[in-house]
Amino acid sequence: MSDTSRQARWRLVMGAGSEELCGGLSGEDQQRDECLGFLYDREYGGKRNVRGRDQGSKGGLGESSLNIPDWINKVHQLFPKTTIERLEKDALERYQLDEMVTNPDVLARAKPNQTLLKAVLRTKHLMNQDVLNAAQHLVRQVVEQMMKKMARDVRSAFQGSLDRRHRTTMKIARNFDIRSTLRRNLKHYDHQKKRILIESPVFYSRIRRQVDRWQMIILVDESGSMMDSVIHSAVTAAIFYSMRIMKVRLCIFDTAVVDLTEQCIDPVETLMKVQLGGGTDIGQAVSYASTLVENPRRTIVVLITDFFEGAPVDRLCSSARKLVESGVTCLGLAALDESANPTYDHETAGRLVSMGWNVGAMTPGELAKWVAEKVRT
């Protein structure tokens with residue numbers, strides 16, 4: 001550890017007022033100090049605190065320089081897993097900052113947005129069932145907003161090329177999808193009346209799904225650093241799936257692979273099953289994708305990851321090379337979100353490029369255009 005990093009750590013421990021002894025902070029260290037101050041500056045209660053900032057004794061979901069959802073997201077971005085667990089434990093048990101995980105009324109009043117969505121996904125494992133139900137309702141509101149915004153870009157990439165007959169799905173009896181409807185509405189089962197209340201009916205498109213033409217397999221790394229890409233992947237996969245012009249498979253992975261194709265039509269179900277964090281075995285996910293390929297020359301594998309492999313990289317490269325050699329079109333995305341600003345392992349990504357993979361960062365609309373170009377040929 002360098003003298004600079006040692007001084008920064010002591011500054012984070014001691015808080016504001018120790019600058020003369022430990023020096024100042026900048027960059028991510030400054031953000032870490034803000035996160036620690038948000039929690040531990042309330043140690044003495046009232047407006048008297050450890051770090052010398054004028055701050056009340058209890059946080060909330062209102063407007064402030066740093067609120068609880070912002071704090072949760074920053075903590076998960078800036079600290080290692082063991083530190084995150086300690087911070088969450090202190091927040092809940094020592095300082096009773098439990099609004100987001102114990103009070104469904106707080107979530108019911110909260111304004112749906114992507115910041116709050118990410119905070120919910122990062123803390124849902126701490127929620128009881130009542131709060132989880134409220135959180136799921138909030139997640140659905142945010143996802144529906146995203147679907148409306150993103151669907152236009154994704155669908156327009158295919159207009160006039162693959163699907164000239166495509167229309168908005170008609171909600172008529174002959175198009176009713178009973179299996180997907182039942183699966184989506186099981187949570188509304190009325191135990192007293194012994195019936196399922198249908199709040200979100202699902203309808204088939206009248207367009208024939210061209211499964212004999214193209215297949216797209218989407219592999220999504222669910223490590224904590226991939227949060228934005230996980231959210232956009234779930235929504236994008238649902239849009240592709242609903243278009244019925246390709247056979248879509250959706251899988252998430254860490255050290256294991258979970259096939260979520262059955263839930264693909266509903267991105268909320270997908271997101272509520274995501275377990276962020278943990279290790280990463282990209283090679284295992286790529287190997288699993290190879291077992292799903294039906295027609296290699298009509299298959300696109302989209303791997304969404306930061307390429308920081310936790311398992312042997314040579315095993316990943318071996319599986320990746322076999323896919324290319326079989327004729328599969330392979331795309332690695334270091335980011336899939338609105339900003340498309342990636343942080344990734346350049347060396348591993350470069351090895352995949354050298355064997356024929358396409359690697360980059362895209363918005364959902366750019367991904368749709370890329371896929372449309374590939375399937376036109």
# chains A, B, ... in the order shown; residues from 1 in each chain; ligands from 1
>>> residues_around(residues="stretch 90-97 of chain A", least_positions_apart="2", cutoff="7 Å", atoms="only C-alpha atoms", output="JSON, numbers by chain")
{"A": [39, 59, 86, 87, 88, 99]}
>>> closest_residue(among="A:Val286, A:Leu250, A:Val293, A:Cys264", to="A:Ser318", atoms="only C-alpha atoms")
A:Val286
>>> residues_around(residues="A:Arg315", least_positions_apart="2", cutoff="12 Å", atoms="only C-alpha atoms", output="list in words")
Asp281, Ile282, Gly283, Gln284, Ala285, Val286, Ser287, Glu309, Gly310, Ala311, Pro312, Val313, Cys317, Ser318, Ser319, Ala320, Arg321, Lys322, Thr348 and Leu352 of chain A
>>> write_last_selection(atoms="N, CA and C atoms", output="PDB file, in the first residue's frame")
ATOM      1  N   ASP A 281     -18.317 -16.346 -14.022  1.00  0.00           N
ATOM      2  CA  ASP A 281     -17.776 -17.412 -14.867  1.00  0.00           C
ATOM      3  C   ASP A 281     -18.360 -17.227 -16.265  1.00  0.00           C
ATOM      4  N   ILE A 282     -17.701 -16.371 -17.046  1.00  0.00           N
ATOM      5  CA  ILE A 282     -18.203 -16.049 -18.387  1.00  0.00           C
ATOM      6  C   ILE A 282     -18.097 -17.261 -19.297  1.00  0.00           C
ATOM      7  N   GLY A 283     -17.009 -18.020 -19.149  1.00  0.00           N
ATOM      8  CA  GLY A 283     -16.794 -19.183 -20.003  1.00  0.00           C
ATOM      9  C   GLY A 283     -17.918 -20.192 -19.884  1.00  0.00           C
ATOM     10  N   GLN A 284     -18.418 -20.400 -18.672  1.00  0.00           N
ATOM     11  CA  GLN A 284     -19.513 -21.343 -18.467  1.00  0.00           C
ATOM     12  C   GLN A 284     -20.781 -20.872 -19.195  1.00  0.00           C
ATOM     13  N   ALA A 285     -21.032 -19.548 -19.168  1.00  0.00           N
ATOM     14  CA  ALA A 285     -22.199 -18.997 -19.851  1.00  0.00           C
ATOM     15  C   ALA A 285     -22.089 -19.177 -21.363  1.00  0.00           C
ATOM     16  N   VAL A 286     -20.904 -18.907 -21.902  1.00  0.00           N
ATOM     17  CA  VAL A 286     -20.704 -19.075 -23.349  1.00  0.00           C
ATOM     18  C   VAL A 286     -20.843 -20.537 -23.736  1.00  0.00           C
ATOM     19  N   SER A 287     -20.315 -21.421 -22.907  1.00  0.00           N
ATOM     20  CA  SER A 287     -20.452 -22.852 -23.163  1.00  0.00           C
ATOM     21  C   SER A 287     -21.918 -23.275 -23.147  1.00  0.00           C
ATOM     22  N   GLU A 309     -13.151 -11.835 -16.059  1.00  0.00           N
ATOM     23  CA  GLU A 309     -13.427 -13.258 -15.874  1.00  0.00           C
ATOM     24  C   GLU A 309     -12.869 -13.751 -14.551  1.00  0.00           C
ATOM     25  N   GLY A 310     -13.719 -14.419 -13.767  1.00  0.00           N
ATOM     26  CA  GLY A 310     -13.279 -14.985 -12.499  1.00  0.00           C
ATOM     27  C   GLY A 310     -12.742 -16.390 -12.641  1.00  0.00           C
ATOM     28  N   ALA A 311     -13.132 -17.083 -13.701  1.00  0.00           N
ATOM     29  CA  ALA A 311     -12.646 -18.434 -13.997  1.00  0.00           C
ATOM     30  C   ALA A 311     -11.463 -18.326 -14.972  1.00  0.00           C
ATOM     31  N   PRO A 312     -10.829 -19.438 -15.299  1.00  0.00           N
ATOM     32  CA  PRO A 312      -9.703 -19.379 -16.255  1.00  0.00           C
ATOM     33  C   PRO A 312     -10.104 -18.771 -17.592  1.00  0.00           C
ATOM     34  N   VAL A 313      -9.361 -17.768 -18.023  1.00  0.00           N
ATOM     35  CA  VAL A 313      -9.691 -17.067 -19.262  1.00  0.00           C
ATOM     36  C   VAL A 313      -9.536 -17.992 -20.468  1.00  0.00           C
ATOM     37  N   CYS A 317     -11.999 -18.486 -23.703  1.00  0.00           N
ATOM     38  CA  CYS A 317     -11.551 -18.317 -25.090  1.00  0.00           C
ATOM     39  C   CYS A 317     -11.820 -19.564 -25.918  1.00  0.00           C
ATOM     40  N   SER A 318     -11.652 -20.726 -25.307  1.00  0.00           N
ATOM     41  CA  SER A 318     -11.917 -21.976 -26.015  1.00  0.00           C
ATOM     42  C   SER A 318     -13.383 -22.084 -26.414  1.00  0.00           C
ATOM     43  N   SER A 319     -14.279 -21.772 -25.480  1.00  0.00           N
ATOM     44  CA  SER A 319     -15.718 -21.837 -25.784  1.00  0.00           C
ATOM     45  C   SER A 319     -16.114 -20.772 -26.797  1.00  0.00           C
ATOM     46  N   ALA A 320     -15.519 -19.580 -26.672  1.00  0.00           N
ATOM     47  CA  ALA A 320     -15.830 -18.486 -27.588  1.00  0.00           C
ATOM     48  C   ALA A 320     -15.374 -18.812 -29.009  1.00  0.00           C
ATOM     49  N   ARG A 321     -14.203 -19.438 -29.118  1.00  0.00           N
ATOM     50  CA  ARG A 321     -13.676 -19.794 -30.439  1.00  0.00           C
ATOM     51  C   ARG A 321     -14.556 -20.853 -31.116  1.00  0.00           C
ATOM     52  N   LYS A 322     -15.038 -21.822 -30.349  1.00  0.00           N
ATOM     53  CA  LYS A 322     -15.887 -22.881 -30.916  1.00  0.00           C
ATOM     54  C   LYS A 322     -17.182 -22.306 -31.485  1.00  0.00           C
ATOM     55  N   THR A 348      -9.030  -9.208 -22.119  1.00  0.00           N
ATOM     56  CA  THR A 348      -9.923 -10.334 -22.422  1.00  0.00           C
ATOM     57  C   THR A 348     -10.794 -10.022 -23.628  1.00  0.00           C
ATOM     58  N   LEU A 352     -11.066 -11.960 -27.538  1.00  0.00           N
ATOM     59  CA  LEU A 352     -12.268 -12.398 -28.248  1.00  0.00           C
ATOM     60  C   LEU A 352     -12.334 -11.758 -29.637  1.00  0.00           C
TER      61      LEU A 352
END
>>> residues_around(residues="A:Leu107", least_positions_apart="5", cutoff="7 Å", atoms="only C-alpha atoms", output="ChimeraX atom specification")
/A:100,134-135
>>> residues_around(residues="A:Val139", least_positions_apart="2", cutoff="12 Å", atoms="only C-alpha atoms", output="PyMOL selection string")
chain A and resi 107-108+110-121+124+132-137+141-146+231+235+266-272
>>> closest_residue(among="A:Ala361, A:Glu325, A:Met226, A:Asn295", to="A:Asn341", atoms="only C-alpha atoms")
A:Ala361
>>> residues_around(residues="A:His76", least_positions_apart="4", cutoff="9 Å", atoms="only C-alpha atoms", output="ChimeraX atom specification")
/A:71-72,80-81,84,122,224-225
